[in-house]
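One file, entry.tsv, is given below (TSV, C-alpha atoms).
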```tsv
chain	number	residue	atom	x	y	z
C	1	MET	CA	0.00	0.00	0.00
C	2	ALA	CA	1.51	3.35	-1.03
C	3	GLY	CA	-0.64	5.50	1.24
C	4	GLY	CA	-3.98	7.21	1.14
C	5	ALA	CA	-6.08	7.82	-1.95
C	6	ASP	CA	-4.15	11.04	-2.56
C	7	GLY	CA	-0.76	9.32	-2.43
C	8	ARG	CA	0.22	10.47	1.06
C	9	ARG	CA	2.71	8.12	2.69
C	10	PRO	CA	1.20	6.56	5.83
C	11	ILE	CA	2.57	6.20	9.32
C	12	VAL	CA	2.95	2.47	9.96
C	13	VAL	CA	2.65	1.15	13.51
C	14	GLY	CA	3.34	-2.33	14.79
C	15	VAL	CA	0.39	-3.41	16.94
C	16	ASP	CA	1.19	-5.33	20.12
C	17	PRO	CA	-1.25	-8.18	20.92
C	18	ASP	CA	-1.33	-7.06	24.56
C	19	PRO	CA	-4.14	-4.47	24.84
C	20	SER	CA	-2.47	-2.97	27.93
C	21	LYS	CA	0.49	-1.85	25.80
C	22	ARG	CA	-0.93	1.01	23.77
C	23	LEU	CA	1.62	3.83	24.09
C	24	ALA	CA	3.19	3.22	20.68
C	25	LEU	CA	-0.26	3.02	19.08
C	26	ALA	CA	-1.37	6.21	20.85
C	27	TRP	CA	1.83	8.03	19.82
C	28	ALA	CA	1.43	6.93	16.19
C	29	THR	CA	-2.23	7.93	16.17
C	30	ASP	CA	-1.46	11.42	17.45
C	31	GLU	CA	1.42	11.75	14.97
C	32	ALA	CA	-0.81	10.78	12.03
C	33	ASP	CA	-3.35	13.34	13.18
C	34	ARG	CA	-0.69	16.10	13.42
C	35	ARG	CA	0.73	15.28	9.99
C	36	ARG	CA	-2.71	14.69	8.43
C	37	VAL	CA	-1.58	11.38	6.92
C	38	PRO	CA	-3.12	7.88	6.99
C	39	LEU	CA	-2.30	5.38	9.74
C	40	ARG	CA	-1.56	1.74	8.86
C	41	LEU	CA	-1.89	-0.81	11.66
C	42	VAL	CA	0.30	-3.89	11.19
C	43	HIS	CA	0.16	-7.08	13.22
C	44	ALA	CA	2.72	-9.73	12.26
C	45	GLN	CA	2.47	-13.38	13.27
C	46	GLY	CA	5.19	-16.00	13.31
C	47	VAL	CA	5.01	-19.78	13.08
C	48	PRO	CA	3.85	-22.35	15.73
C	49	THR	CA	7.12	-23.47	17.31
C	50	ARG	CA	6.36	-23.22	21.05
C	51	GLY	CA	3.68	-23.95	23.59
C	52	TYR	CA	3.41	-27.74	23.20
C	53	ARG	CA	4.62	-30.48	25.54
C	54	SER	CA	6.67	-33.36	24.25
C	55	GLY	CA	4.41	-35.99	22.73
C	56	GLU	CA	1.38	-33.68	22.70
C	57	VAL	CA	-0.72	-33.85	19.56
C	58	ARG	CA	-0.47	-30.56	17.72
C	59	PRO	CA	-3.37	-29.13	15.74
C	60	SER	CA	-3.23	-29.35	11.97
C	61	TRP	CA	-1.69	-26.43	10.08
C	62	GLU	CA	-5.13	-25.42	8.87
C	63	GLU	CA	-6.56	-25.42	12.41
C	64	TRP	CA	-3.64	-23.45	13.79
C	65	ASN	CA	-3.67	-21.00	10.90
C	66	GLN	CA	-7.39	-20.37	11.29
C	67	ALA	CA	-7.11	-19.85	15.04
C	68	LEU	CA	-4.12	-17.54	14.69
C	69	HIS	CA	-5.83	-15.44	12.04
C	70	GLY	CA	-8.88	-15.17	14.25
C	71	LEU	CA	-6.75	-13.84	17.10
C	72	GLY	CA	-4.90	-11.48	14.78
C	73	ASP	CA	-8.13	-10.10	13.36
C	74	GLN	CA	-9.36	-9.45	16.90
C	75	VAL	CA	-6.09	-7.67	17.83
C	76	LEU	CA	-6.45	-5.36	14.83
C	77	LYS	CA	-10.17	-4.80	15.42
C	78	GLU	CA	-9.47	-3.63	18.97
C	79	ALA	CA	-6.60	-1.44	17.75
C	80	VAL	CA	-8.84	0.22	15.14
C	81	ALA	CA	-11.44	0.92	17.82
C	82	PHE	CA	-8.71	2.51	19.98
C	83	VAL	CA	-7.58	4.77	17.14
C	84	GLU	CA	-11.12	5.80	16.17
C	85	ALA	CA	-11.95	6.69	19.76
C	86	ARG	CA	-8.72	8.70	20.19
C	87	ARG	CA	-8.59	10.54	16.82
C	88	PRO	CA	-11.81	9.98	14.84
C	89	THR	CA	-10.59	11.87	11.75
C	90	VAL	CA	-7.49	9.71	11.16
C	91	GLU	CA	-7.76	7.47	8.08
C	92	VAL	CA	-7.00	3.88	9.17
C	93	SER	CA	-6.04	0.70	7.31
C	94	THR	CA	-4.85	-2.67	8.64
C	95	LEU	CA	-2.52	-5.48	7.64
C	96	LEU	CA	-2.43	-8.96	9.19
C	97	ALA	CA	0.80	-10.59	7.99
C	98	GLU	CA	2.67	-13.83	8.52
C	99	GLY	CA	6.38	-13.57	9.22
C	100	GLU	CA	8.90	-12.04	11.59
C	101	PRO	CA	7.67	-8.62	12.76
C	102	ALA	CA	10.95	-6.86	11.95
C	103	TRP	CA	10.91	-8.17	8.37
C	104	VAL	CA	7.23	-7.33	7.83
C	105	LEU	CA	7.65	-3.80	9.17
C	106	ARG	CA	10.81	-3.28	7.15
C	107	GLU	CA	8.89	-4.13	3.98
C	108	GLU	CA	6.11	-1.72	4.99
C	109	ALA	CA	8.73	0.98	5.60
C	110	ARG	CA	9.47	1.10	1.86
C	111	SER	CA	6.29	3.11	1.29
C	112	ALA	CA	5.89	4.72	4.73
C	113	ALA	CA	6.64	8.18	6.09
C	114	LEU	CA	7.45	6.74	9.52
C	115	VAL	CA	7.34	3.36	11.27
C	116	VAL	CA	6.42	3.25	14.98
C	117	VAL	CA	7.07	0.37	17.38
C	118	GLY	CA	6.93	-0.10	21.13
C	119	SER	CA	9.85	-0.95	23.38
C	120	TRP	CA	10.52	-2.12	26.91
C	121	GLN	CA	13.58	-1.45	29.06
C	122	LEU	CA	15.42	-4.77	29.06
C	123	SER	CA	18.23	-6.41	30.95
C	124	ARG	CA	21.32	-7.18	28.88
C	125	ARG	CA	20.60	-10.90	29.20
C	126	ARG	CA	17.12	-10.55	27.72
C	127	GLU	CA	17.49	-7.77	25.20
C	128	MET	CA	18.69	-9.84	22.24
C	129	PHE	CA	16.13	-12.61	22.73
C	130	SER	CA	12.95	-10.63	23.32
C	131	SER	CA	10.26	-9.59	20.86
C	132	ALA	CA	11.12	-6.03	21.89
C	133	SER	CA	14.43	-6.42	20.03
C	134	VAL	CA	12.41	-5.93	16.82
C	135	ALA	CA	13.51	-2.30	17.18
C	136	LEU	CA	17.19	-3.05	16.50
C	137	PRO	CA	16.97	-4.86	13.14
C	138	LEU	CA	14.15	-2.58	12.05
C	139	THR	CA	16.02	0.66	12.72
C	140	ALA	CA	19.15	-0.79	11.12
C	141	HIS	CA	17.46	-1.55	7.79
C	142	ALA	CA	14.29	0.55	7.46
C	143	ALA	CA	14.15	2.92	4.50
C	144	CYS	CA	12.30	5.59	6.50
C	145	PRO	CA	12.60	7.03	10.03
C	146	VAL	CA	11.62	4.69	12.87
C	147	ALA	CA	10.12	5.86	16.17
C	148	VAL	CA	10.63	3.57	19.18
C	149	VAL	CA	8.16	4.45	21.94
C	150	PRO	CA	9.01	3.07	25.39
C	151	GLU	CA	6.73	1.48	27.94
C	152	PRO	CA	5.94	2.76	30.50
C	153	GLU	CA	5.18	6.38	29.63
C	154	HIS	CA	7.79	8.90	30.74
C	155	VAL	CA	7.21	12.34	32.28
C	156	THR	CA	7.75	15.29	29.94
C	157	GLN	CA	8.78	18.78	31.01
C	158	GLN	CA	7.54	22.27	30.17
C	159	PRO	CA	8.38	24.01	27.98
C	160	ALA	CA	8.16	20.96	25.72
C	161	TYR	CA	11.30	20.14	23.73
C	162	PHE	CA	13.01	17.69	21.38
C	163	VAL	CA	16.69	16.77	21.44
C	164	VAL	CA	18.76	15.96	18.34
C	165	GLY	CA	22.29	14.59	18.25
C	166	VAL	CA	24.67	16.22	15.77
C	167	ASP	CA	28.13	15.02	14.72
C	168	GLY	CA	28.58	16.48	11.25
C	169	SER	CA	27.76	13.27	9.38
C	170	PRO	CA	25.07	13.08	6.65
C	171	HIS	CA	22.97	10.95	9.01
C	172	SER	CA	22.95	13.64	11.69
C	173	ALA	CA	22.07	16.30	9.10
C	174	ALA	CA	19.05	14.21	8.10
C	175	ALA	CA	18.20	13.81	11.78
C	176	VAL	CA	18.24	17.60	12.22
C	177	ASP	CA	15.68	17.98	9.43
C	178	VAL	CA	13.36	15.47	11.13
C	179	ALA	CA	13.93	17.04	14.54
C	180	PHE	CA	12.92	20.50	13.29
C	181	GLU	CA	9.80	19.04	11.71
C	182	GLU	CA	8.85	17.22	14.93
C	183	ALA	CA	9.46	20.28	17.09
C	184	ALA	CA	7.27	22.35	14.76
C	185	LEU	CA	4.48	19.75	14.75
C	186	HIS	CA	4.50	19.56	18.55
C	187	GLY	CA	5.01	23.27	19.18
C	188	GLY	CA	8.19	22.54	21.12
C	189	LEU	CA	11.74	23.84	21.47
C	190	LEU	CA	14.69	22.06	19.87
C	191	ARG	CA	17.99	21.33	21.59
C	192	ALA	CA	20.73	20.42	19.11
C	193	LEU	CA	23.72	18.87	20.87
C	194	TYR	CA	27.17	18.05	19.58
C	195	VAL	CA	28.69	15.65	22.11
C	196	TRP	CA	32.47	15.82	22.10
C	197	HIS	CA	34.06	12.65	23.42
C	198	PRO	CA	37.76	13.39	24.09
C	199	PRO	CA	40.14	10.77	22.64
C	200	LEU	CA	41.72	8.31	25.09
C	201	LEU	CA	45.11	9.98	24.83
C	202	GLY	CA	43.63	13.45	25.07
C	203	ALA	CA	43.30	16.17	22.46
C	204	LEU	CA	46.42	18.09	21.50
C	205	ASP	CA	44.41	21.30	21.67
C	206	GLU	CA	41.10	20.84	23.46
C	207	ASP	CA	39.97	24.43	22.89
C	208	ALA	CA	40.56	24.08	19.15
C	209	ALA	CA	38.71	20.76	19.08
C	210	VAL	CA	35.67	22.23	20.83
C	211	LEU	CA	35.76	25.26	18.54
C	212	GLU	CA	35.67	22.95	15.52
C	213	CYS	CA	32.71	21.08	17.04
C	214	ARG	CA	30.86	24.39	17.42
C	215	ARG	CA	31.57	25.26	13.79
C	216	VAL	CA	30.22	21.91	12.57
C	217	LEU	CA	27.16	22.23	14.80
C	218	SER	CA	26.38	25.75	13.56
C	219	GLU	CA	26.78	24.72	9.93
C	220	THR	CA	24.55	21.66	10.40
C	221	VAL	CA	21.62	23.60	11.88
C	222	ALA	CA	22.06	26.64	9.61
C	223	GLY	CA	19.17	27.39	7.29
C	224	ARG	CA	16.55	25.32	9.12
C	225	THR	CA	15.36	28.26	11.21
C	226	ALA	CA	14.15	30.01	8.06
C	227	THR	CA	12.02	26.97	7.18
C	228	TYR	CA	10.77	26.59	10.76
C	229	PRO	CA	10.67	30.15	12.15
C	230	ASP	CA	8.42	29.18	15.07
C	231	VAL	CA	10.89	26.62	16.45
C	232	GLU	CA	13.10	28.06	19.19
C	233	LEU	CA	16.56	26.55	18.73
C	234	HIS	CA	19.15	25.96	21.43
C	235	HIS	CA	22.47	24.39	20.46
C	236	ASP	CA	25.58	23.57	22.43
C	237	VAL	CA	28.70	21.41	22.51
C	238	VAL	CA	28.79	19.08	25.51
C	239	ARG	CA	31.76	17.03	26.67
C	240	GLY	CA	31.11	13.38	27.55
C	241	HIS	CA	29.97	10.07	26.14
C	242	PRO	CA	27.30	10.59	23.43
C	243	VAL	CA	24.92	7.90	24.72
C	244	GLN	CA	25.05	9.18	28.30
C	245	VAL	CA	24.79	12.86	27.38
C	246	LEU	CA	21.91	12.41	24.91
C	247	THR	CA	20.04	10.07	27.26
C	248	GLU	CA	20.30	12.52	30.17
C	249	ALA	CA	19.48	15.55	27.99
C	250	SER	CA	16.32	13.87	26.69
C	251	GLU	CA	15.10	12.47	30.02
C	252	HIS	CA	11.99	14.69	30.03
C	253	ALA	CA	11.89	15.44	26.30
C	254	LEU	CA	9.05	14.80	23.86
C	255	GLY	CA	11.57	12.81	21.84
C	256	LEU	CA	15.20	12.22	20.90
C	257	VAL	CA	16.26	12.21	17.24
C	258	VAL	CA	19.48	10.55	16.04
C	259	GLY	CA	20.94	9.28	12.77
C	260	THR	CA	21.24	5.54	12.33
C	261	ARG	CA	24.99	5.92	11.86
C	262	GLY	CA	27.44	8.69	12.52
C	263	HIS	CA	31.15	9.37	12.51
C	264	GLY	CA	33.12	6.77	14.38
C	265	GLY	CA	31.18	3.84	12.93
C	266	PHE	CA	32.64	1.22	10.60
C	267	THR	CA	31.41	0.16	7.18
C	268	GLY	CA	29.19	-2.90	7.60
C	269	ILE	CA	28.03	-2.13	11.12
C	270	LEU	CA	24.26	-2.58	11.12
C	271	LEU	CA	23.49	0.19	13.56
C	272	GLY	CA	25.69	2.93	14.98
C	273	SER	CA	26.81	2.53	18.59
C	274	VAL	CA	25.18	5.81	19.63
C	275	SER	CA	21.79	5.09	18.05
C	276	GLN	CA	21.82	1.56	19.46
C	277	GLY	CA	22.85	2.85	22.88
C	278	VAL	CA	20.09	5.45	23.14
C	279	LEU	CA	17.50	2.89	22.00
C	280	HIS	CA	18.39	0.83	25.06
C	281	HIS	CA	18.73	3.65	27.58
C	282	ALA	CA	16.49	6.59	26.61
C	283	ARG	CA	13.19	6.93	28.47
C	284	CYS	CA	11.51	9.06	25.80
C	285	PRO	CA	10.51	8.14	22.23
C	286	VAL	CA	13.60	7.78	20.02
C	287	ILE	CA	13.40	8.56	16.30
C	288	THR	CA	16.22	7.08	14.21
C	289	VAL	CA	16.76	8.59	10.79
C	290	PRO	CA	18.50	6.94	7.81
C	291	VAL	CA	20.02	8.84	4.88
```

What is this file in structure tokens?
Amino acid sequence: MAGGADGRRPIVVGVDPDPSKRLALAWATDEADRRRVPLRLVHAQGVPTRGYRSGEVRPSWEEWNQALHGLGDQVLKEAVAFVEARRPTVEVSTLLAEGEPAWVLREEARSAALVVVGSWQLSRRREMFSSASVALPLTAHAACPVAVVPEPEHVTQQPAYFVVGVDGSPHSAAAVDVAFEEAALHGGLLRALYVWHPPLLGALDEDAAVLECRRVLSETVAGRTATYPDVELHHDVVRGHPVQVLTEASEHALGLVVGTRGHGGFTGILLGSVSQGVLHHARCPVITVPV
């Protein structure tokens, strides 16, 4: 599906089967309403590999497939009702798909404006083996920005603001564009941060290094204020580890925007260390932006 009848690209949201986990769906619904674009609800189902004792007679494929589709249809029906009650004017479509959720959502991302998924704070032991880890392969490969909305809901702060990480790379420049758009849509401020992480052996001239960071930061955000004159911009260079600084700076933010890769990454790495780090540690929605 390419979008609405007028060709608008939809926001795609992965629907969790647990009706108590609705923050990602609520966030996506509100975002579709702000952008005046369609909302596509996607529920992906895997294959029957668990839940049976040794020697237990399993249902036929047809029986299992019918039962699973019935459950999936009910999940989507309840999700549609949630959206219609929250934002009645949002145009809604649904997709019930078979396959790994990350793969299904990645395919949907080809024609989407944004993909939204939920996330849970995980222990290191669990994070790579949980369904919540859909966020990592999805953000690494999606063709459009991906918003990862954490459970439970975090507390925002007034005046409302977004945070964007800048490092001078093309990915961070694309992230700045998205961050300005989000700040404008939400009526919030924008904090653009260049996080300078001193080298292990120390910089030969720390003042010169910080001055260069300020130059890159100013050049990266230049010109956007003319396009978004209502967005109040604050930008600064902060010393420290990028993941820690961005996580702390966005603790009460409406969202944190980062590129999927930045300087310091290596060719072939699926997801930059900073973007992966903030996905695990940030308490606010994180929007990752590819180039």

Neighbours of segment 166-171 of chain C within 6 Å (all atoms listed in the file; same-chain residues fewer than 3 positions away dropped), as a count of residues only?
7

Near-His197 of chain C list (6 Å; all atoms listed in the file; drop same-chain fewer than 5 positions) as JSON, numbers by chain
{"C": [239, 240, 241]}

Near segment 26-39 of chain C, within 8 Å and counting all atoms listed in the file, which residues show up once chain neighbours fewer than 4 positions away are dropped, as an MDAnalysis selection string?
chainID C and resid 3:4 8:13 22 83 86:87 89:93 116 149 185

With all atoms listed in the file as the basis for distance, which of C:Glu151, C:Glu78, C:Glu181, C:Glu206 is at the shortest distance from Thr225 of chain C?
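Once distances to Thr225 of chain C are computed over all atoms listed in the file, the minimum belongs to C:Glu181.
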
Suppose you want the space between atom CA of Asp205 of chain C and atom CA of Val237 of chain C; what is it in Å?
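Calculated distance between atom CA of Asp205 of chain C and atom CA of Val237 of chain C is 15.7 Å.
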